[in-house]
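Colleague: Got a structure for you, my_file.cif, holding mmCIF, C-alpha atoms.
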```
data_structure
loop_
_atom_site.label_atom_id
_atom_site.label_comp_id
_atom_site.auth_asym_id
_atom_site.auth_seq_id
_atom_site.Cartn_x
_atom_site.Cartn_y
_atom_site.Cartn_z
CA MET O 16 -11.96 -4.50 23.00
CA LEU O 17 -9.97 -1.78 21.26
CA LEU O 18 -12.88 -0.26 19.33
CA GLN O 19 -14.60 2.52 21.24
CA LYS O 20 -18.09 4.02 21.22
CA ASP O 21 -19.18 5.85 18.06
CA GLN O 22 -15.97 5.15 16.17
CA LYS O 23 -15.82 4.90 12.39
CA VAL O 24 -14.01 1.89 10.88
CA LEU O 25 -13.06 2.04 7.20
CA PHE O 26 -11.91 -0.95 5.14
CA ILE O 27 -10.04 -0.48 1.87
CA GLY O 28 -8.69 -3.02 -0.59
CA ASP O 29 -9.47 -4.93 -3.77
CA SER O 30 -12.28 -7.31 -4.84
CA ILE O 31 -11.93 -9.39 -1.67
CA THR O 32 -12.91 -6.28 0.28
CA ASP O 33 -15.31 -4.88 -2.32
CA CYS O 34 -17.58 -7.95 -2.66
CA ASP O 35 -20.31 -6.07 -4.55
CA ARG O 36 -20.54 -3.26 -2.03
CA ALA O 37 -22.54 -0.11 -2.82
CA LYS O 38 -20.83 2.70 -4.77
CA PRO O 39 -19.51 5.32 -4.26
CA ALA O 40 -19.39 4.40 -0.57
CA GLY O 41 -20.25 1.03 0.89
CA GLU O 42 -22.33 2.01 3.87
CA GLY O 43 -25.95 1.73 4.92
CA LEU O 44 -28.85 -0.57 4.09
CA PHE O 45 -29.63 -3.33 1.59
CA GLY O 46 -26.25 -5.03 1.52
CA ALA O 47 -24.31 -1.79 1.04
CA LEU O 48 -21.26 -3.26 2.77
CA GLY O 49 -21.05 -6.09 0.26
CA LYS O 50 -21.16 -9.84 0.78
CA GLY O 51 -17.74 -10.43 2.32
CA TYR O 52 -15.72 -10.09 5.49
CA VAL O 53 -16.52 -6.38 5.93
CA SER O 54 -20.23 -7.09 6.24
CA LEU O 55 -19.45 -9.94 8.66
CA VAL O 56 -17.32 -7.68 10.84
CA ASP O 57 -20.18 -5.17 10.92
CA ALA O 58 -22.72 -7.88 11.77
CA PHE O 59 -20.65 -9.25 14.65
CA LEU O 60 -20.05 -5.78 16.05
CA GLN O 61 -23.75 -4.92 15.91
CA ALA O 62 -24.81 -8.23 17.46
CA VAL O 63 -22.24 -8.45 20.25
CA TYR O 64 -21.37 -4.79 20.94
CA PRO O 65 -24.56 -2.91 19.98
CA GLU O 66 -23.97 -0.24 22.62
CA LEU O 67 -20.79 0.92 20.85
CA GLY O 68 -22.58 2.04 17.69
CA ILE O 69 -19.58 1.30 15.50
CA ARG O 70 -19.90 2.75 11.98
CA VAL O 71 -18.39 0.54 9.26
CA ILE O 72 -17.54 1.75 5.73
CA ASN O 73 -16.30 -0.30 2.78
CA THR O 74 -14.26 1.43 0.05
CA GLY O 75 -12.76 -1.67 -1.57
CA ILE O 76 -12.65 -1.69 -5.38
CA SER O 77 -12.35 -4.84 -7.46
CA GLY O 78 -9.14 -5.10 -9.46
CA ASN O 79 -7.22 -2.55 -7.42
CA ASN O 80 -3.54 -2.79 -6.58
CA VAL O 81 -1.58 -0.61 -4.17
CA VAL O 82 -0.95 2.01 -6.87
CA ASP O 83 -4.71 2.31 -7.46
CA LEU O 84 -5.20 2.83 -3.73
CA GLU O 85 -2.63 5.60 -3.75
CA ALA O 86 -4.51 7.40 -6.54
CA ARG O 87 -7.79 7.51 -4.57
CA TRP O 88 -6.40 7.76 -1.03
CA GLN O 89 -7.40 11.35 -0.30
CA GLU O 90 -11.03 10.92 -1.35
CA ASP O 91 -11.66 7.38 -0.13
CA VAL O 92 -9.65 7.45 3.11
CA LEU O 93 -8.48 10.81 4.44
CA ASP O 94 -11.56 12.83 3.48
CA ARG O 95 -13.79 10.31 5.30
CA LYS O 96 -11.87 10.86 8.56
CA PRO O 97 -12.09 7.33 9.99
CA ASP O 98 -11.01 6.46 13.53
CA TRP O 99 -9.82 3.08 12.27
CA LEU O 100 -8.44 2.08 8.88
CA SER O 101 -7.92 -1.50 7.72
CA ILE O 102 -5.82 -2.03 4.58
CA MET O 103 -5.67 -5.34 2.72
CA ILE O 104 -4.00 -5.04 -0.67
CA GLY O 105 -1.52 -7.01 -2.75
CA THR O 106 -3.48 -9.78 -4.42
CA ASN O 107 -3.62 -8.09 -7.82
CA ASP O 108 -0.08 -6.75 -7.44
CA VAL O 109 1.00 -10.41 -7.38
CA TRP O 110 -1.68 -12.08 -9.51
CA ARG O 111 -1.10 -9.95 -12.61
CA GLN O 112 2.48 -11.22 -12.66
CA TYR O 113 1.07 -14.72 -13.20
CA ASP O 114 -2.16 -14.41 -15.18
CA THR O 115 -0.88 -11.66 -17.50
CA PRO O 116 2.89 -12.19 -17.41
CA PHE O 117 3.60 -10.29 -20.62
CA ILE O 118 1.74 -7.08 -19.69
CA LYS O 119 4.47 -5.67 -17.49
CA GLU O 120 2.78 -2.34 -16.81
CA TRP O 121 0.08 -4.16 -14.85
CA HIS O 122 2.65 -5.65 -12.47
CA VAL O 123 3.56 -4.11 -9.12
CA TYR O 124 6.87 -5.60 -8.05
CA PRO O 125 8.02 -5.88 -4.41
CA ASP O 126 10.07 -2.68 -4.27
CA LYS O 127 7.23 -0.55 -5.68
CA TYR O 128 4.70 -2.34 -3.48
CA GLU O 129 6.72 -1.71 -0.32
CA LYS O 130 7.53 1.89 -1.15
CA THR O 131 3.91 2.75 -1.97
CA LEU O 132 2.31 0.96 0.98
CA ARG O 133 4.83 2.42 3.41
CA ALA O 134 4.20 5.92 2.08
CA LEU O 135 0.43 5.49 2.48
CA VAL O 136 0.83 4.32 6.07
CA ASN O 137 3.17 7.17 6.97
CA LYS O 138 0.88 9.69 5.27
CA THR O 139 -2.14 8.38 7.15
CA LYS O 140 -0.82 7.88 10.68
CA PRO O 141 -1.01 11.59 11.63
CA HIS O 142 -4.70 11.64 10.67
CA VAL O 143 -6.03 8.20 11.65
CA ALA O 144 -5.42 7.02 15.18
CA ASN O 145 -5.68 3.28 14.51
CA LEU O 146 -4.35 1.39 11.49
CA VAL O 147 -4.57 -2.32 10.73
CA LEU O 148 -2.47 -3.91 8.00
CA MET O 149 -3.79 -7.23 6.69
CA THR O 150 -1.63 -9.38 4.44
CA PRO O 151 -2.69 -10.52 1.00
CA PHE O 152 -3.11 -14.30 0.80
CA TYR O 153 -3.26 -17.18 -1.67
CA LEU O 154 -5.37 -20.22 -0.87
CA GLU O 155 -2.79 -22.81 -1.81
CA SER O 156 -1.46 -25.23 0.79
CA ASN O 157 1.68 -26.01 -1.24
CA GLU O 158 4.12 -23.37 -0.04
CA GLN O 159 6.40 -24.13 -3.01
CA ASP O 160 3.74 -23.08 -5.51
CA ALA O 161 5.15 -20.11 -7.42
CA MET O 162 2.30 -17.68 -6.74
CA ARG O 163 2.05 -18.77 -3.12
CA ARG O 164 5.77 -18.06 -2.67
CA THR O 165 5.39 -14.60 -4.16
CA MET O 166 2.30 -13.84 -2.07
CA ASP O 167 4.20 -14.86 1.05
CA GLU O 168 6.95 -12.44 0.03
CA TYR O 169 4.42 -9.60 -0.16
CA GLY O 170 2.92 -10.68 3.16
CA ALA O 171 6.37 -10.40 4.72
CA ILE O 172 6.61 -6.85 3.39
CA VAL O 173 3.31 -5.99 5.09
CA LYS O 174 4.59 -7.46 8.36
CA LYS O 175 7.82 -5.45 8.13
CA ILE O 176 5.95 -2.19 7.51
CA ALA O 177 3.56 -2.92 10.40
CA GLU O 178 6.45 -3.58 12.77
CA GLU O 179 8.40 -0.50 11.69
CA THR O 180 5.40 1.84 11.88
CA GLY O 181 3.77 0.46 15.04
CA THR O 182 0.68 -0.65 13.15
CA LEU O 183 -1.58 -3.58 14.06
CA PHE O 184 -0.82 -6.60 11.88
CA VAL O 185 -3.15 -9.39 10.72
CA ASP O 186 -1.55 -12.42 9.06
CA THR O 187 -4.45 -13.63 6.93
CA GLN O 188 -2.33 -16.34 5.29
CA ALA O 189 -1.59 -17.85 8.71
CA ALA O 190 -5.31 -17.81 9.53
CA PHE O 191 -6.13 -19.62 6.28
CA ASN O 192 -3.28 -22.10 6.72
CA VAL O 193 -5.04 -23.53 9.77
CA VAL O 194 -8.14 -24.29 7.71
CA LEU O 195 -6.12 -25.50 4.71
CA LYS O 196 -4.76 -28.31 6.86
CA GLU O 197 -8.24 -29.85 6.68
CA LEU O 198 -9.85 -28.46 3.53
CA TYR O 199 -8.77 -28.53 -0.10
CA ALA O 200 -8.03 -25.02 -1.38
CA ALA O 201 -10.90 -25.00 -3.89
CA THR O 202 -13.32 -25.55 -1.01
CA LEU O 203 -12.42 -22.08 0.26
CA ALA O 204 -11.92 -20.40 -3.12
CA TRP O 205 -12.45 -21.93 -6.56
CA ASP O 206 -9.72 -19.68 -8.01
CA ARG O 207 -7.64 -19.73 -4.79
CA VAL O 208 -8.17 -15.97 -4.46
CA HIS O 209 -11.84 -15.05 -3.98
CA PRO O 210 -13.07 -16.77 -0.79
CA THR O 211 -16.34 -18.53 -0.18
CA GLN O 212 -18.44 -17.31 2.74
CA ALA O 213 -16.44 -19.63 4.99
CA GLY O 214 -13.26 -17.95 3.77
CA HIS O 215 -14.68 -14.53 4.53
CA VAL O 216 -15.49 -15.74 8.05
CA VAL O 217 -11.79 -16.59 8.43
CA LEU O 218 -10.91 -13.02 7.44
CA ALA O 219 -13.53 -11.42 9.68
CA ARG O 220 -12.44 -13.55 12.62
CA ALA O 221 -8.77 -12.67 12.10
CA PHE O 222 -9.57 -8.95 12.07
CA LEU O 223 -11.87 -9.11 15.08
CA ASN O 224 -9.35 -11.15 17.08
CA LYS O 225 -6.75 -8.44 16.48
CA VAL O 226 -9.02 -5.70 17.87
CA GLY O 227 -9.88 -7.70 20.99
CA PHE O 228 -13.35 -8.96 20.12
CA ASP O 229 -14.76 -11.14 22.93
CA TRP O 230 -16.38 -14.17 21.32
CA ASN O 231 -17.92 -15.24 24.65
CA ARG O 232 -19.41 -11.87 25.54
CA GLY O 233 -22.87 -12.29 27.01
#
```
Is it possible to express this structure as C-alpha cells?

Modeller:
Amino acid sequence: MLLQKDQKVLFIGDSITDCDRAKPAGEGLFGALGKGYVSLVDAFLQAVYPELGIRVINTGISGNNVVDLEARWQEDVLDRKPDWLSIMIGTNDVWRQYDTPFIKEWHVYPDKYEKTLRALVNKTKPHVANLVLMTPFYLESNEQDAMRRTMDEYGAIVKKIAEETGTLFVDTQAAFNVVLKELYAATLAWDRVHPTQAGHVVLARAFLNKVGFDWNRG
C-alpha cells in the first residue's frame, strides 16, 4: 500500500469527479465527497485501512477542461498542500469538439491539452510528492467511433506525460474495456460519459489498484 498514515489525497477533474460534491471543497460529512468514484475510494480506505486516517478531498468541477483546471490550480491544488494528487481531465476537451463543433473557442485540441497538462504536472511535482494521472475515457466499445478515437488519442497523451515525468498512470479506458466486453455501453453510462454507480466502481478500483490497495486485507 503506497498511501501512508495521515496523508491527504486530493482528486481534481470535471463532472465525473465532481458528482455533486460539496462546494467550495468536497470534504466532510453528508455526502460532501459527492456520489462518484472519489467517495468510493474514501469509503474503501476507511473500511479496509482505518488505522491510516487518510484524508480525501474532492475539487472536481462539472464542465471543466484542462484550461479551467489551470486557472484554479493554485487555490484548489497547491494551496491545499496534498500529499497525493489525482488528475482526471480531458472529457470536455474532447466532447465539446463533437457536441458543439462550431463553437471553436470551447475546444481544447491535442497540442494545447498536452502543453497545459504537462505544465501543471511539472509545476506541481516539486510541491506534491505523489501524482496520479488518470486518462479520460469514452464508454463506447467500437474503437472506430469518432469520439472514441479522439478520446484514445488524449489518453495516449496522458500516458506519455506520465512516463516522461515519472508519474503513476491509470488507464481508465482499459479498465472500462474489460466490462464493455460484457455490457452494452448505455448500461454503464446513458450518454457514454457519466458513469452509473457500477462505472464509478470501475474507476475507484482502477485508482486503488494503482496505489497498492489489498482487496483481501483482513

Colleague: If the PyMOL selection byres ((chain O and resi 221) around 12) is run on the structure shown, which residues does it catch, given as number ranges by chain?

Modeller: O: 52-53, 55-56, 147-150, 183-191, 193, 214-220, 222-228

Colleague: Rounded to one decimal place, report the atom CA of O:Glu155-atom CA of O:Trp110 distance in Å.

Modeller: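 Atom CA of O:Trp110 lies 13.3 Å from atom CA of O:Glu155.
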
Colleague: List the neighbours of O:Ile31 out to 10 Å using only C-alpha atoms; skip same-chain residues closer than 2 positions along the sequence, and give me the result as a list in words.

Modeller: Ile27, Gly28, Asp29, Asp33, Cys34, Asp35, Gly49, Lys50, Gly51, Tyr52, Val53, Gly75, Ile76, Ser77, Gly78, Met103, Ile104, Thr106, Pro151, Val208, His209, Pro210, His215 and Leu218 of chain O

Colleague: Would you mind telling me which residue in O:Ile118, O:Leu67, O:Leu146, O:Leu44 lies nearest to O:Val92 when using all atoms listed in the file?

Modeller: O:Leu146

Colleague: Counting only C-alpha atoms, which residue out of O:Val143, O:Leu132, O:Ala201, O:Asp206 sits closest to O:Asp114?

Modeller: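 Of O:Val143, O:Leu132, O:Ala201, O:Asp206, the one nearest O:Asp114 is O:Asp206, counting only C-alpha atoms.
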
Colleague: Identify, on the basis of only C-alpha atoms, every residue whose closest approach to O:Asp98 does not exceed 10 Å; exclude the query and any residue fewer than 5 positions from it along the same chain; express the result as a ChimeraX atom specification.

Modeller: /O:18-19,21-25,70,142-146

Colleague: Quick one: of O:Glu197, O:Glu129, O:Glu120, O:Asp57, who's nearest to O:Val81, counting all atoms listed in the file?

Modeller: O:Glu129

Colleague: Starting from the displayed file, determine the output of the PyMOL selection byres ((chain O and resi 123) around 12) and express the residue list as a PyMOL selection string.

Modeller: chain O and resi 79-83+104-113+116+118-122+124-132+165+169

Colleague: Report, in Å to a single decimal, how far apart atom CA of O:Asp229 and atom CA of O:Ala62 are.

Modeller: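 Spanning atom CA of O:Ala62 to atom CA of O:Asp229 is a straight-line distance of 11.8 Å.
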
Colleague: Which value, in Å to one decimal, gives the distance between atom CA of O:Thr74 and atom CA of O:Phe45?

Modeller: 16.2 Å

Colleague: Of the residues O:Leu154, O:Lys175, O:Gly170, O:Pro39, which is the one nearest to O:Thr202, using all atoms listed in the file?

Modeller: O:Leu154

Colleague: Out of O:Pro97, O:Gly68, O:Ser156, O:Thr115, which residue has the shortest atom-to-atom distance to O:Leu203 when counting only C-alpha atoms?

Modeller: O:Ser156

Colleague: Which residues come within 10 Å of O:Thr180, counting all atoms listed in the file, excluding same-chain residues fewer than 5 positions away, as a compact mmCIF listing (two decimals) with C-alpha atoms, keeping the file's coordinate frame?

Modeller:
```
# COMPACT_ATOMS: atom_id res chain seq x y z
CA ARG O 133 4.83 2.42 3.41
CA VAL O 136 0.83 4.32 6.07
CA ASN O 137 3.17 7.17 6.97
CA LYS O 140 -0.82 7.88 10.68
CA LEU O 146 -4.35 1.39 11.49
CA LYS O 174 4.59 -7.46 8.36
CA LYS O 175 7.82 -5.45 8.13
```

Colleague: O:Ala37, O:Ala58, O:Val173, O:Ile72: which is nearest O:Lys96, counting all atoms listed in the file?

Modeller: O:Ile72

Colleague: Kindly add N, CA and C atoms to the incomplete stretch 39-67 of chain O and provide the output as a PDB file, in the coordinates of the input.

Modeller:
```
ATOM      1  N   PRO O  39     -20.945   5.144  -4.437  1.00  0.00           N
ATOM      2  CA  PRO O  39     -19.510   5.320  -4.260  1.00  0.00           C
ATOM      3  C   PRO O  39     -18.977   4.895  -2.888  1.00  0.00           C
ATOM      4  N   ALA O  40     -19.852   4.825  -1.892  1.00  0.00           N
ATOM      5  CA  ALA O  40     -19.390   4.400  -0.570  1.00  0.00           C
ATOM      6  C   ALA O  40     -20.217   3.227  -0.086  1.00  0.00           C
ATOM      7  N   GLY O  41     -19.544   2.187   0.378  1.00  0.00           N
ATOM      8  CA  GLY O  41     -20.250   1.030   0.890  1.00  0.00           C
ATOM      9  C   GLY O  41     -20.643   1.240   2.333  1.00  0.00           C
ATOM     10  N   GLU O  42     -21.848   1.734   2.514  1.00  0.00           N
ATOM     11  CA  GLU O  42     -22.330   2.010   3.870  1.00  0.00           C
ATOM     12  C   GLU O  42     -23.846   2.131   3.830  1.00  0.00           C
ATOM     13  N   GLY O  43     -24.510   1.560   4.837  1.00  0.00           N
ATOM     14  CA  GLY O  43     -25.950   1.730   4.920  1.00  0.00           C
ATOM     15  C   GLY O  43     -26.719   0.437   4.756  1.00  0.00           C
ATOM     16  N   LEU O  44     -27.916   0.539   4.157  1.00  0.00           N
ATOM     17  CA  LEU O  44     -28.850  -0.570   4.090  1.00  0.00           C
ATOM     18  C   LEU O  44     -28.704  -1.404   2.827  1.00  0.00           C
ATOM     19  N   PHE O  45     -29.457  -2.503   2.783  1.00  0.00           N
ATOM     20  CA  PHE O  45     -29.630  -3.330   1.590  1.00  0.00           C
ATOM     21  C   PHE O  45     -28.304  -3.871   1.036  1.00  0.00           C
ATOM     22  N   GLY O  46     -27.497  -4.407   1.939  1.00  0.00           N
ATOM     23  CA  GLY O  46     -26.250  -5.030   1.520  1.00  0.00           C
ATOM     24  C   GLY O  46     -25.188  -4.072   1.055  1.00  0.00           C
ATOM     25  N   ALA O  47     -25.242  -2.814   1.512  1.00  0.00           N
ATOM     26  CA  ALA O  47     -24.310  -1.790   1.040  1.00  0.00           C
ATOM     27  C   ALA O  47     -22.854  -2.118   1.352  1.00  0.00           C
ATOM     28  N   LEU O  48     -22.625  -2.912   2.389  1.00  0.00           N
ATOM     29  CA  LEU O  48     -21.260  -3.260   2.770  1.00  0.00           C
ATOM     30  C   LEU O  48     -20.694  -4.426   1.958  1.00  0.00           C
ATOM     31  N   GLY O  49     -21.503  -4.973   1.051  1.00  0.00           N
ATOM     32  CA  GLY O  49     -21.050  -6.090   0.260  1.00  0.00           C
ATOM     33  C   GLY O  49     -21.378  -7.420   0.908  1.00  0.00           C
ATOM     34  N   LYS O  50     -20.824  -8.488   0.339  1.00  0.00           N
ATOM     35  CA  LYS O  50     -21.160  -9.840   0.780  1.00  0.00           C
ATOM     36  C   LYS O  50     -19.987 -10.546   1.459  1.00  0.00           C
ATOM     37  N   GLY O  51     -18.950  -9.812   1.807  1.00  0.00           N
ATOM     38  CA  GLY O  51     -17.740 -10.430   2.320  1.00  0.00           C
ATOM     39  C   GLY O  51     -17.435 -10.146   3.773  1.00  0.00           C
ATOM     40  N   TYR O  52     -16.149 -10.178   4.097  1.00  0.00           N
ATOM     41  CA  TYR O  52     -15.720 -10.090   5.490  1.00  0.00           C
ATOM     42  C   TYR O  52     -16.076  -8.754   6.136  1.00  0.00           C
ATOM     43  N   VAL O  53     -16.161  -7.676   5.349  1.00  0.00           N
ATOM     44  CA  VAL O  53     -16.520  -6.380   5.930  1.00  0.00           C
ATOM     45  C   VAL O  53     -17.924  -6.415   6.496  1.00  0.00           C
ATOM     46  N   SER O  54     -18.848  -6.994   5.756  1.00  0.00           N
ATOM     47  CA  SER O  54     -20.230  -7.090   6.240  1.00  0.00           C
ATOM     48  C   SER O  54     -20.309  -8.009   7.460  1.00  0.00           C
ATOM     49  N   LEU O  55     -19.468  -9.039   7.506  1.00  0.00           N
ATOM     50  CA  LEU O  55     -19.450  -9.940   8.660  1.00  0.00           C
ATOM     51  C   LEU O  55     -18.904  -9.238   9.897  1.00  0.00           C
ATOM     52  N   VAL O  56     -17.857  -8.461   9.721  1.00  0.00           N
ATOM     53  CA  VAL O  56     -17.320  -7.680  10.840  1.00  0.00           C
ATOM     54  C   VAL O  56     -18.409  -6.765  11.393  1.00  0.00           C
ATOM     55  N   ASP O  57     -19.104  -6.065  10.506  1.00  0.00           N
ATOM     56  CA  ASP O  57     -20.180  -5.170  10.920  1.00  0.00           C
ATOM     57  C   ASP O  57     -21.275  -5.932  11.660  1.00  0.00           C
ATOM     58  N   ALA O  58     -21.658  -7.094  11.144  1.00  0.00           N
ATOM     59  CA  ALA O  58     -22.720  -7.880  11.770  1.00  0.00           C
ATOM     60  C   ALA O  58     -22.329  -8.337  13.175  1.00  0.00           C
ATOM     61  N   PHE O  59     -21.105  -8.822  13.325  1.00  0.00           N
ATOM     62  CA  PHE O  59     -20.650  -9.250  14.650  1.00  0.00           C
ATOM     63  C   PHE O  59     -20.590  -8.089  15.627  1.00  0.00           C
ATOM     64  N   LEU O  60     -20.130  -6.940  15.167  1.00  0.00           N
ATOM     65  CA  LEU O  60     -20.050  -5.780  16.050  1.00  0.00           C
ATOM     66  C   LEU O  60     -21.441  -5.326  16.486  1.00  0.00           C
ATOM     67  N   GLN O  61     -22.383  -5.318  15.549  1.00  0.00           N
ATOM     68  CA  GLN O  61     -23.750  -4.920  15.910  1.00  0.00           C
ATOM     69  C   GLN O  61     -24.375  -5.908  16.879  1.00  0.00           C
ATOM     70  N   ALA O  62     -24.150  -7.201  16.650  1.00  0.00           N
ATOM     71  CA  ALA O  62     -24.810  -8.230  17.460  1.00  0.00           C
ATOM     72  C   ALA O  62     -24.213  -8.356  18.852  1.00  0.00           C
ATOM     73  N   VAL O  63     -22.912  -8.192  18.974  1.00  0.00           N
ATOM     74  CA  VAL O  63     -22.240  -8.450  20.250  1.00  0.00           C
ATOM     75  C   VAL O  63     -21.908  -7.174  21.013  1.00  0.00           C
ATOM     76  N   TYR O  64     -21.684  -6.071  20.299  1.00  0.00           N
ATOM     77  CA  TYR O  64     -21.370  -4.790  20.940  1.00  0.00           C
ATOM     78  C   TYR O  64     -22.308  -3.690  20.437  1.00  0.00           C
ATOM     79  N   PRO O  65     -23.621  -3.900  20.541  1.00  0.00           N
ATOM     80  CA  PRO O  65     -24.560  -2.910  19.980  1.00  0.00           C
ATOM     81  C   PRO O  65     -24.456  -1.539  20.622  1.00  0.00           C
ATOM     82  N   GLU O  66     -24.038  -1.509  21.894  1.00  0.00           N
ATOM     83  CA  GLU O  66     -23.970  -0.240  22.620  1.00  0.00           C
ATOM     84  C   GLU O  66     -22.852   0.673  22.098  1.00  0.00           C
ATOM     85  N   LEU O  67     -21.898   0.108  21.351  1.00  0.00           N
ATOM     86  CA  LEU O  67     -20.790   0.920  20.850  1.00  0.00           C
ATOM     87  C   LEU O  67     -21.173   1.737  19.621  1.00  0.00           C
TER      88      LEU O  67
END
```
